[in-house]
>>> print(open('protein00.cif').read())   # mmCIF, C-alpha atoms
data_data
#
loop_
_atom_site.label_atom_id
_atom_site.label_comp_id
_atom_site.auth_asym_id
_atom_site.auth_seq_id
_atom_site.Cartn_x
_atom_site.Cartn_y
_atom_site.Cartn_z
CA MET A 224 24.03 33.44 -1.41
CA ILE A 225 23.35 29.86 -2.47
CA GLN A 226 26.51 28.18 -3.79
CA THR A 227 26.72 24.97 -5.77
CA ASP A 228 28.67 23.24 -8.52
CA ILE A 229 25.96 23.06 -11.17
CA LEU A 230 23.04 25.46 -11.06
CA ILE A 231 20.19 23.86 -12.98
CA ILE A 232 17.48 26.12 -14.32
CA GLY A 233 14.30 24.10 -14.60
CA ALA A 234 13.23 21.19 -12.39
CA GLY A 235 11.53 19.07 -15.05
CA PRO A 236 12.64 15.50 -15.77
CA THR A 237 15.84 16.57 -17.56
CA GLY A 238 16.86 18.97 -14.78
CA LEU A 239 16.13 16.38 -12.11
CA PHE A 240 18.10 13.61 -13.83
CA THR A 241 21.05 15.99 -14.19
CA VAL A 242 21.34 15.87 -10.38
CA PHE A 243 21.80 12.11 -10.53
CA GLU A 244 24.47 12.11 -13.21
CA ALA A 245 26.27 15.02 -11.57
CA GLY A 246 26.02 13.26 -8.22
CA LEU A 247 27.87 10.23 -9.56
CA LEU A 248 30.75 12.63 -10.28
CA LYS A 249 30.46 14.19 -6.81
CA LEU A 250 29.16 17.44 -8.21
CA LYS A 251 26.49 19.23 -6.16
CA CYS A 252 23.39 20.68 -7.80
CA HIS A 253 20.79 23.29 -7.02
CA LEU A 254 17.63 23.75 -9.09
CA ILE A 255 15.53 26.85 -9.76
CA ASP A 256 11.97 26.52 -11.06
CA SER A 257 9.19 29.05 -11.51
CA LEU A 258 6.57 26.49 -10.52
CA PRO A 259 5.96 25.76 -6.84
CA GLN A 260 6.72 22.05 -7.34
CA ALA A 261 9.31 19.98 -9.20
CA GLY A 262 8.41 18.07 -12.36
CA GLY A 263 7.95 20.79 -14.95
CA GLN A 264 5.35 20.05 -17.63
CA CYS A 265 4.98 16.53 -16.25
CA SER A 266 3.52 17.83 -13.01
CA GLU A 267 1.98 21.08 -14.28
CA ILE A 268 0.30 20.10 -17.55
CA TYR A 269 -0.23 16.34 -17.59
CA PRO A 270 0.51 14.57 -14.27
CA LYS A 271 -2.19 11.96 -14.90
CA LYS A 272 -1.20 11.21 -18.50
CA PRO A 273 0.72 8.01 -19.23
CA ILE A 274 4.10 8.17 -20.99
CA TYR A 275 5.06 5.13 -23.07
CA ASP A 276 8.59 5.90 -24.26
CA ILE A 277 10.60 5.81 -21.05
CA PRO A 278 12.92 2.81 -21.41
CA ALA A 279 11.94 -0.12 -19.19
CA TYR A 280 8.60 1.48 -18.29
CA PRO A 281 5.97 0.22 -20.74
CA GLU A 282 3.73 2.85 -19.19
CA ILE A 283 4.28 5.43 -16.46
CA LEU A 284 2.20 8.42 -15.40
CA ALA A 285 4.00 11.73 -15.80
CA GLY A 286 3.43 12.50 -12.12
CA ASP A 287 4.89 9.13 -11.12
CA LEU A 288 7.92 9.71 -13.33
CA THR A 289 8.56 12.91 -11.39
CA ASP A 290 8.19 11.11 -8.05
CA ARG A 291 10.62 8.36 -9.12
CA LEU A 292 13.19 10.91 -10.30
CA MET A 293 12.92 12.69 -6.95
CA ASP A 294 13.57 9.35 -5.20
CA GLN A 295 16.50 8.63 -7.49
CA ILE A 296 18.27 11.95 -6.79
CA GLU A 297 17.49 12.03 -3.07
CA PRO A 298 20.92 10.62 -2.04
CA PHE A 299 22.58 13.61 -3.66
CA LYS A 300 20.60 16.16 -1.61
CA PRO A 301 19.94 18.75 -4.29
CA GLY A 302 18.83 22.23 -3.27
CA PHE A 303 15.68 23.81 -4.66
CA THR A 304 14.53 27.37 -5.23
CA LEU A 305 10.91 26.82 -6.24
CA GLY A 306 8.25 29.33 -7.21
CA GLU A 307 10.91 31.74 -8.47
CA SER A 308 12.18 32.28 -11.99
CA ALA A 309 15.78 32.89 -12.98
CA GLU A 310 15.96 36.44 -14.20
CA THR A 311 19.50 37.78 -14.54
CA ILE A 312 22.95 36.28 -14.90
CA GLU A 313 26.28 37.97 -14.19
CA LYS A 314 29.68 36.53 -14.97
CA GLN A 315 32.18 36.96 -12.12
CA GLU A 316 35.93 37.54 -12.39
CA ASP A 317 36.65 34.00 -11.23
CA GLY A 318 34.61 32.67 -14.18
CA SER A 319 31.59 31.70 -12.07
CA PHE A 320 28.09 33.04 -12.57
CA ILE A 321 25.59 34.67 -10.24
CA VAL A 322 21.98 34.02 -11.17
CA THR A 323 19.32 36.12 -9.47
CA THR A 324 15.63 35.23 -9.42
CA ASN A 325 12.62 37.51 -9.78
CA ARG A 326 12.41 37.53 -5.96
CA GLY A 327 16.05 38.47 -5.54
CA THR A 328 17.42 35.06 -4.46
CA LYS A 329 21.07 34.83 -5.53
CA HIS A 330 22.83 31.65 -6.63
CA GLN A 331 26.49 31.23 -7.52
CA ALA A 332 27.96 28.37 -9.56
CA PRO A 333 30.80 27.76 -12.02
CA ILE A 334 28.43 25.84 -14.32
CA ILE A 335 24.91 26.73 -15.41
CA ALA A 336 22.70 24.04 -16.95
CA ILE A 337 19.58 25.45 -18.54
CA ALA A 338 16.95 22.73 -18.56
CA GLY A 339 14.12 25.19 -18.93
CA GLY A 340 11.86 23.16 -21.23
CA LEU A 341 9.36 25.43 -22.89
CA GLY A 342 10.19 28.23 -20.50
CA VAL A 343 8.56 29.92 -17.54
CA PHE A 344 4.89 29.17 -16.99
CA GLU A 345 2.97 32.43 -16.90
CA PRO A 346 -0.76 33.10 -16.49
CA ARG A 347 -2.60 33.35 -19.79
CA LYS A 348 -3.98 36.84 -20.18
CA PRO A 349 -7.35 37.36 -21.84
CA PRO A 350 -7.35 39.70 -24.85
CA VAL A 351 -9.08 42.65 -23.18
CA GLU A 352 -8.19 46.20 -24.10
CA ASN A 353 -6.27 48.22 -21.49
CA LEU A 354 -5.90 45.16 -19.30
CA SER A 355 -2.26 45.90 -18.51
CA ASN A 356 -3.25 49.29 -17.05
CA PHE A 357 -5.08 47.51 -14.24
CA GLU A 358 -2.60 44.75 -13.46
CA ASP A 359 -2.00 44.85 -9.70
CA ASN A 360 -4.59 47.63 -9.62
CA GLY A 361 -7.60 45.37 -9.51
CA VAL A 362 -6.67 42.71 -12.05
CA GLU A 363 -4.84 39.74 -10.54
CA TYR A 364 -3.93 36.59 -12.46
CA ILE A 365 -2.96 34.60 -9.38
CA ILE A 366 -4.55 34.55 -5.94
CA LYS A 367 -1.61 34.74 -3.60
CA ASP A 368 -3.41 35.50 -0.36
CA PRO A 369 -7.19 34.99 -0.15
CA GLU A 370 -7.32 37.35 2.83
CA PHE A 371 -6.59 40.15 0.39
CA TYR A 372 -10.19 39.76 -0.84
CA ARG A 373 -11.85 39.82 2.60
CA GLY A 374 -15.03 41.90 2.48
CA LYS A 375 -14.47 42.87 -1.15
CA ASP A 376 -16.40 42.28 -4.38
CA VAL A 377 -14.59 39.93 -6.74
CA VAL A 378 -15.26 38.74 -10.27
CA ILE A 379 -13.55 35.48 -11.24
CA SER A 380 -13.34 34.21 -14.84
CA GLY A 381 -12.62 30.68 -16.02
CA GLY A 382 -14.08 27.19 -15.98
CA GLY A 383 -11.24 25.04 -14.64
CA ASP A 384 -10.48 23.83 -11.17
CA SER A 385 -8.67 26.92 -9.98
CA ALA A 386 -11.57 29.20 -10.98
CA LEU A 387 -14.10 26.90 -9.32
CA ASP A 388 -12.08 26.28 -6.18
CA TRP A 389 -11.26 29.92 -5.59
CA ALA A 390 -14.84 31.02 -6.31
CA TYR A 391 -16.06 28.51 -3.74
CA PHE A 392 -13.42 29.45 -1.20
CA LEU A 393 -13.87 33.22 -1.48
CA ALA A 394 -17.68 32.97 -1.50
CA ASN A 395 -17.51 31.00 1.73
CA GLY A 396 -17.37 33.97 4.09
CA VAL A 397 -14.22 35.63 2.79
CA ALA A 398 -15.27 38.08 0.06
CA ASN A 399 -18.38 40.24 0.25
CA LYS A 400 -19.64 39.16 -3.16
CA VAL A 401 -18.22 36.67 -5.64
CA SER A 402 -19.26 36.44 -9.29
CA LEU A 403 -18.01 33.59 -11.45
CA VAL A 404 -18.10 34.28 -15.18
CA HIS A 405 -17.70 31.40 -17.62
CA ARG A 406 -18.10 31.03 -21.37
CA ARG A 407 -20.21 27.90 -21.27
CA ASN A 408 -22.83 26.20 -19.13
CA SER A 409 -20.59 23.29 -18.25
CA PHE A 410 -17.29 23.34 -16.42
CA ARG A 411 -13.98 21.61 -16.95
CA GLY A 412 -13.22 21.20 -13.26
CA HIS A 413 -13.70 18.14 -11.08
CA LEU A 414 -17.32 17.11 -10.65
CA ASP A 415 -17.40 17.78 -6.91
CA SER A 416 -15.87 21.24 -7.38
CA VAL A 417 -18.55 21.98 -9.97
CA GLN A 418 -21.31 20.67 -7.67
CA LYS A 419 -20.14 22.77 -4.72
CA VAL A 420 -20.19 25.91 -6.84
CA MET A 421 -23.60 25.08 -8.32
CA ASP A 422 -25.02 24.52 -4.82
CA MET A 423 -23.65 27.85 -3.65
CA ALA A 424 -25.16 29.58 -6.67
CA ASP A 425 -28.53 27.98 -5.89
CA ASP A 426 -28.30 29.25 -2.31
CA GLY A 427 -27.62 32.74 -3.62
CA LYS A 428 -24.17 32.87 -2.01
CA LEU A 429 -22.39 33.08 -5.34
CA ASN A 430 -23.32 34.93 -8.48
CA LEU A 431 -22.85 32.46 -11.34
CA ILE A 432 -22.88 34.00 -14.81
CA THR A 433 -22.48 31.41 -17.55
CA GLU A 434 -22.48 31.80 -21.34
CA ALA A 435 -20.71 35.07 -20.74
CA GLU A 436 -17.25 36.59 -20.82
CA VAL A 437 -15.60 39.69 -19.51
CA ILE A 438 -14.80 41.88 -22.51
CA GLY A 439 -13.87 45.19 -20.93
CA VAL A 440 -12.28 46.77 -17.86
CA SER A 441 -12.55 50.34 -16.71
CA GLY A 442 -11.73 52.57 -13.80
CA ASN A 443 -9.88 55.70 -12.90
CA GLY A 444 -6.43 54.37 -12.05
CA ALA A 445 -7.83 51.37 -10.19
CA LEU A 446 -10.42 48.95 -11.52
CA ASN A 447 -14.02 49.80 -10.65
CA GLU A 448 -16.05 48.05 -13.33
CA VAL A 449 -15.95 45.12 -15.71
CA LEU A 450 -18.04 44.79 -18.84
CA ILE A 451 -19.56 41.36 -19.32
CA LYS A 452 -20.95 40.16 -22.62
CA HIS A 453 -23.74 37.63 -22.14
CA LYS A 454 -24.85 35.36 -24.98
CA THR A 455 -28.53 36.28 -24.69
CA GLN A 456 -28.71 39.25 -22.30
CA GLY A 457 -26.15 41.38 -24.12
CA GLU A 458 -23.73 43.60 -22.24
CA ILE A 459 -23.80 43.82 -18.46
CA LYS A 460 -21.84 46.42 -16.50
CA MET A 461 -20.71 45.08 -13.17
CA PRO A 462 -19.07 47.28 -10.55
CA THR A 463 -16.13 45.52 -8.90
CA ASN A 464 -12.70 46.36 -7.59
CA HIS A 465 -11.20 42.98 -8.42
CA TRP A 466 -11.19 40.79 -11.49
CA VAL A 467 -9.29 37.52 -11.34
CA PRO A 468 -9.01 35.87 -14.78
CA LEU A 469 -7.95 32.23 -14.25
CA PHE A 470 -7.24 30.75 -17.68
CA GLY A 471 -4.33 28.50 -16.84
CA LEU A 472 -0.66 28.92 -17.54
CA SER A 473 1.35 28.97 -20.73
CA PRO A 474 5.12 28.75 -21.07
CA LYS A 475 7.36 31.54 -22.35
CA LEU A 476 11.13 31.39 -22.78
CA GLY A 477 11.29 34.48 -20.59
CA PRO A 478 14.36 36.38 -19.38
CA ILE A 479 16.77 33.61 -20.48
CA ALA A 480 16.21 34.92 -24.01
CA ASN A 481 18.28 37.97 -22.97
CA TRP A 482 21.29 36.10 -21.57
CA GLY A 483 23.38 36.53 -24.71
CA LEU A 484 22.84 32.96 -25.87
CA ASN A 485 22.36 32.07 -29.52
CA ILE A 486 18.66 31.42 -29.96
CA SER A 487 16.81 30.07 -32.92
CA LYS A 488 13.06 29.38 -33.03
CA ASN A 489 12.67 30.00 -29.31
CA SER A 490 15.33 27.39 -28.45
CA ILE A 491 18.98 27.67 -27.39
CA GLU A 492 21.55 26.51 -29.93
CA VAL A 493 24.05 23.99 -28.57
CA ASP A 494 27.03 21.94 -29.66
CA THR A 495 26.04 18.26 -29.54
CA PHE A 496 29.52 17.31 -28.31
CA ASP A 497 28.60 18.41 -24.78
CA TYR A 498 25.43 20.54 -25.13
CA SER A 499 27.41 23.72 -24.46
CA THR A 500 26.01 27.05 -25.60
CA ASN A 501 27.98 29.89 -27.15
CA VAL A 502 28.75 31.15 -23.61
CA ASP A 503 31.54 29.22 -21.91
CA GLY A 504 30.19 27.54 -18.77
CA ILE A 505 26.53 27.66 -19.78
CA TYR A 506 24.91 24.50 -21.13
CA ALA A 507 21.39 23.86 -22.39
CA ILE A 508 19.71 20.45 -22.21
CA GLY A 509 16.28 18.99 -22.85
CA ASP A 510 13.40 20.66 -24.67
CA VAL A 511 14.97 24.12 -24.34
CA ASN A 512 17.84 23.43 -26.74
CA THR A 513 18.07 22.90 -30.47
CA TYR A 514 20.56 21.26 -32.83
CA PRO A 515 20.34 19.45 -36.16
CA GLY A 516 18.16 16.40 -35.62
CA LYS A 517 16.82 17.55 -32.24
CA LEU A 518 13.90 15.56 -30.83
CA LYS A 519 11.99 16.95 -27.87
CA LEU A 520 11.76 13.75 -25.87
CA ILE A 521 12.35 13.13 -22.18
CA LEU A 522 14.74 10.29 -22.96
CA CYS A 523 16.84 12.57 -25.19
CA GLY A 524 16.99 15.07 -22.31
CA PHE A 525 18.38 12.33 -20.05
CA HIS A 526 21.10 11.54 -22.59
CA GLU A 527 21.99 15.20 -23.03
CA ALA A 528 22.21 15.69 -19.25
CA THR A 529 24.57 12.72 -18.94
CA LEU A 530 27.03 13.99 -21.55
CA MET A 531 26.77 17.55 -20.30
CA VAL A 532 27.89 16.74 -16.72
CA GLN A 533 31.04 15.04 -18.07
CA SER A 534 32.00 18.30 -19.72
CA ALA A 535 31.04 20.24 -16.60
CA PHE A 536 33.29 17.99 -14.50
CA ALA A 537 36.26 18.65 -16.78
CA LYS A 538 35.65 22.38 -16.46
CA ILE A 539 35.31 22.35 -12.67
CA HIS A 540 38.24 19.94 -12.15
CA PRO A 541 40.60 20.53 -15.08
CA ASP A 542 43.37 18.53 -13.38
CA LYS A 543 41.35 15.52 -12.29
CA LYS A 544 41.08 12.41 -14.37
CA ASN A 545 37.61 10.97 -14.73
CA VAL A 546 36.59 7.53 -15.87
CA LEU A 547 33.10 6.29 -16.49
CA LYS A 548 31.91 4.23 -13.54
CA TYR A 549 29.00 1.83 -13.77
CA THR A 550 26.49 2.15 -10.93
CA THR A 551 26.19 -1.66 -10.85
CA VAL A 552 29.79 -1.93 -9.64
CA ASN A 553 29.83 0.37 -6.64
CA GLY A 554 26.23 1.44 -6.23
CA VAL A 555 25.19 5.03 -5.69
CA ASN A 556 27.14 6.87 -3.04
CA GLY A 557 25.35 9.99 -1.91
CA PHE A 558 26.73 13.03 -0.19
CA MET B 123 -6.72 12.60 -53.46
CA GLU B 124 -3.98 10.20 -54.48
CA ASP B 125 -1.53 7.90 -52.71
CA ASN B 126 -2.79 8.66 -49.23
CA ILE B 127 -2.05 12.35 -49.60
CA ILE B 128 -4.66 15.04 -49.03
CA LYS B 129 -4.43 18.75 -49.71
CA VAL B 130 -5.19 21.28 -47.02
CA THR B 131 -4.92 25.06 -47.00
CA VAL B 132 -3.70 26.90 -43.94
CA ILE B 133 -4.16 30.67 -43.78
CA ASP B 134 -1.57 32.14 -41.45
CA ARG B 135 -2.04 35.15 -39.14
CA GLU B 136 -0.84 37.51 -41.85
CA GLY B 137 -3.56 36.21 -44.17
CA VAL B 138 -1.20 34.25 -46.43
CA ALA B 139 -2.65 30.96 -47.68
CA HIS B 140 -0.32 27.95 -47.63
CA GLU B 141 -1.32 24.90 -49.65
CA LEU B 142 0.02 21.85 -47.89
CA GLU B 143 0.09 18.14 -48.58
CA ALA B 144 -0.64 15.83 -45.69
CA PRO B 145 -0.32 12.04 -45.53
CA THR B 146 -3.31 10.09 -44.23
CA ASP B 147 -1.23 7.08 -43.19
CA MET B 148 1.16 8.68 -40.69
CA SER B 149 -1.38 9.24 -37.89
CA MET B 150 -0.77 12.97 -38.07
CA ASN B 151 -3.07 15.80 -37.09
CA MET B 152 -3.46 19.36 -38.33
CA MET B 153 -1.25 20.79 -35.56
CA GLU B 154 1.58 18.47 -36.58
CA VAL B 155 1.11 19.17 -40.28
CA CYS B 156 1.41 22.91 -39.60
CA LYS B 157 4.52 22.35 -37.50
CA SER B 158 6.12 20.13 -40.14
CA TYR B 159 5.75 23.00 -42.62
CA GLU B 160 7.18 25.38 -39.99
CA LEU B 161 3.99 27.41 -39.73
CA PRO B 162 3.64 29.32 -36.43
CA VAL B 163 1.68 26.76 -34.42
CA GLU B 164 3.13 26.03 -30.98
CA GLY B 165 1.49 22.73 -30.04
CA THR B 166 2.80 23.24 -26.51
CA CYS B 167 1.17 20.20 -24.93
CA GLY B 168 2.15 17.95 -27.82
CA GLY B 169 -1.38 17.20 -28.96
CA MET B 170 -3.30 16.28 -25.81
CA ALA B 171 -5.95 19.02 -26.12
CA MET B 172 -4.47 20.61 -23.01
CA CYS B 173 -3.20 24.00 -24.15
CA ALA B 174 -5.20 25.46 -27.10
CA SER B 175 -2.03 26.74 -28.77
CA CYS B 176 -3.14 25.06 -32.02
CA HIS B 177 -6.52 26.83 -32.07
CA MET B 178 -7.72 27.31 -35.66
CA TYR B 179 -10.90 28.26 -37.51
CA ILE B 180 -12.49 25.95 -40.07
CA GLU B 181 -13.18 27.96 -43.23
CA SER B 182 -14.37 25.13 -45.53
CA ASP B 183 -17.48 22.96 -45.25
CA ASN B 184 -15.78 19.60 -44.71
CA GLU B 185 -17.67 17.17 -42.49
CA LEU B 186 -15.51 16.96 -39.39
CA PRO B 187 -15.68 14.59 -36.43
CA GLU B 188 -17.51 15.94 -33.38
CA LYS B 189 -15.48 17.65 -30.67
CA SER B 190 -14.59 15.49 -27.71
CA ASP B 191 -15.37 16.74 -24.20
CA GLU B 192 -11.66 17.47 -23.73
CA GLU B 193 -11.60 19.64 -26.83
CA GLU B 194 -14.81 21.47 -25.84
CA ASP B 195 -13.41 22.10 -22.37
CA MET B 196 -10.10 23.40 -23.64
CA LEU B 197 -11.78 25.70 -26.16
CA ASP B 198 -13.78 27.06 -23.23
CA GLU B 199 -10.57 28.35 -21.74
CA ALA B 200 -9.19 29.65 -25.02
CA PHE B 201 -9.46 33.18 -26.32
CA PHE B 202 -10.84 34.47 -29.65
CA VAL B 203 -13.19 31.47 -29.84
CA ASP B 204 -15.78 31.31 -32.60
CA ASP B 205 -18.40 28.75 -31.56
CA GLU B 206 -19.11 27.80 -35.17
CA LYS B 207 -15.56 27.60 -36.50
CA SER B 208 -13.09 27.02 -33.67
CA ARG B 209 -11.26 23.69 -33.40
CA LEU B 210 -7.99 22.49 -31.91
CA GLY B 211 -5.71 21.41 -34.75
CA CYS B 212 -4.31 18.55 -32.69
CA GLN B 213 -7.74 16.94 -32.56
CA LEU B 214 -8.19 16.96 -36.35
CA HIS B 215 -6.66 13.73 -37.54
CA ILE B 216 -5.54 13.68 -41.14
CA ALA B 217 -8.05 11.52 -42.96
CA PRO B 218 -9.59 11.48 -46.45
CA GLU B 219 -12.59 13.57 -45.31
CA LEU B 220 -10.21 16.45 -44.55
CA ASP B 221 -9.22 16.70 -48.23
CA ASN B 222 -9.44 20.34 -49.41
CA LEU B 223 -9.89 21.54 -45.82
CA VAL B 224 -9.27 25.26 -45.34
CA VAL B 225 -8.28 26.51 -41.89
CA LYS B 226 -7.19 29.85 -40.53
CA LEU B 227 -4.85 30.11 -37.55
CA ALA B 228 -6.48 31.83 -34.57
CA PRO B 229 -4.70 34.87 -33.12
CA VAL B 230 -2.38 34.29 -30.20
CA GLY B 231 -2.89 36.30 -27.03
CA GLU B 232 -0.17 38.09 -25.15
#
>>> encode(input="protein00.cif", output="structure tokens")
Amino acid sequence: MIQTDILIIGAGPTGLFTVFEAGLLKLKCHLIDSLPQAGGQCSEIYPKKPIYDIPAYPEILAGDLTDRLMDQIEPFKPGFTLGESAETIEKQEDGSFIVTTNRGTKHQAPIIAIAGGLGVFEPRKPPVENLSNFEDNGVEYIIKDPEFYRGKDVVISGGGDSALDWAYFLANGVANKVSLVHRRNSFRGHLDSVQKVMDMADDGKLNLITEAEVIGVSGNGALNEVLIKHKTQGEIKMPTNHWVPLFGLSPKLGPIANWGLNISKNSIEVDTFDYSTNVDGIYAIGDVNTYPGKLKLILCGFHEATLMVQSAFAKIHPDKKNVLKYTTVNGVNGF
Amino acid sequence: MEDNIIKVTVIDREGVAHELEAPTDMSMNMMEVCKSYELPVEGTCGGMAMCASCHMYIESDNELPEKSDEEEDMLDEAFFVDDEKSRLGCQLHIAPELDNLVVKLAPVGE
């Protein structure tokens, strides 16, 4: 069991900065994030986009902001559980909480700070009838282990980098036959990824079907055929045991919605005094919360995190006095 | 059109038409206008043409600016796309030529 003072759910900018402010008060933090890397939306959706409203940075790339935050919190040695999403929470007799992830990792802390942003990033599922019947029975939204496809026939859908890169990788001696189905003639992925796939298609090593989409799945228990609708050729039936639709990720509030917190419009209601929720010991900061006048800005998340850890300190150490210390006076003392 | 205000109609997913007023001098786009009227448009990425959660169909014959490559690419990855009518609301900047625009919100997938 992982034990810490503040368990932060969500490793986006707000969650990361919480570690710094908590660290100044000698409180240890551990972060859980469903993505395999820290940074939240900044690293997942727009790492190469500039942000202009971070004080003292006229312009900073979202990916660089993440890197700088990681540097800033390094002295406080936060723990990370990445690639797992917080699923259940149980209140213990001593007032602490145990949070368990979808993979069963358990974390215990007296304070929970939900900095979950827009929620858990999940694969976007195409609107195909009966799709759910074949999930993990031939339809996979994520390629976890390419070896799984060795010697098999695979249909991949999508036009972004992950579709292109996996199509190229699997067609390169892993799968028996790879078909890439895409709605248009052009691709969104990097030029060299596109070129590699085009070259493979020309060599007959990859079956490229453009101006087409998969509109149906069928099989007896397990997938054995997809139905492809082509713009000019009409419907094509293609036998396959695997269809991998790769249409990116979209965020959902997820299991946190069932934690007994007051929710309005997909956000957690908080008291702006200390960003506490209706459950004693659970706070919500950053884009995930809502209150009158709320603005979903990174800089507001930083402010909320700073006030929240003061309240958390008082809860963890009810007898200790705490005064605000300026980092310019004594510097940053890590653990 | 008067005082930098245009009228647009947004048909929600239940088929209800909402007549909205949108200012042309606030550098807003259709996604933001929908959100400001609390219509069910997510706008997850904040308007960078990176998520398609503001996908809508153009139902009027207004002359609209051409799609950028980013918008075309994102629509490629979206669902329920109608090649003739689909646009991303965040890429439709509120301007006089959008006066009397009629849009319909695209369905949201699972």
>>> resolve_selection(input="protein00.cif", expression="the PyMOL selection byres ((chain B and resi 193) around 10)", output="ChimeraX atom specification")
/B:170-174,188-192,194-198,209-210,212-213
>>> axis_aligned_box(input="protein00.cif", around="stretch 163-172 of chain B", padding_each_side="8 Å", output="AutoDock Vina command-line options")
--center_x -1.4 --center_y 21.5 --center_z -28.7 --size_x 25.1 --size_y 26.5 --size_z 27.4
>>> closest_residue(input="protein00.cif", among="B:Met178, B:Leu214, B:Leu227, B:Leu161", to="chain A", atoms="all atoms listed in the file")
B:Leu161
>>> closest_residue(input="protein00.cif", among="B:Asn222, B:Ser175, B:Asn184, B:Thr131", to="chain A", atoms="all atoms listed in the file")
B:Ser175
>>> residues_around(input="protein00.cif", residues="B:Asp125", least_positions_apart="6", cutoff="12 Å", atoms="only C-alpha atoms", output="PDB file with C-alpha atoms, in the frame of the given file")
ATOM      1  CA  GLU B 143       0.090  18.140 -48.580  1.00  0.00           C
ATOM      2  CA  ALA B 144      -0.640  15.830 -45.690  1.00  0.00           C
ATOM      3  CA  PRO B 145      -0.320  12.040 -45.530  1.00  0.00           C
ATOM      4  CA  THR B 146      -3.310  10.090 -44.230  1.00  0.00           C
ATOM      5  CA  ASP B 147      -1.230   7.080 -43.190  1.00  0.00           C
ATOM      6  CA  PRO B 218      -9.590  11.480 -46.450  1.00  0.00           C
TER       7      PRO B 218
END
>>> residues_around(input="protein00.cif", residues="A:Leu341", least_positions_apart="6", cutoff="12 Å", atoms="only C-alpha atoms", output="PyMOL selection string")
(chain A and resi 232-235+257+263-265+268+472-477+479-480+488-491+508-513+519) or (chain B and resi 164-168)
>>> residues_around(input="protein00.cif", residues="B:Val225", least_positions_apart="5", cutoff="7 Å", atoms="all atoms listed in the file", output="list in words")
Thr131, Val132, Ile133, Met178, Tyr179, Ile180 and Glu181 of chain B
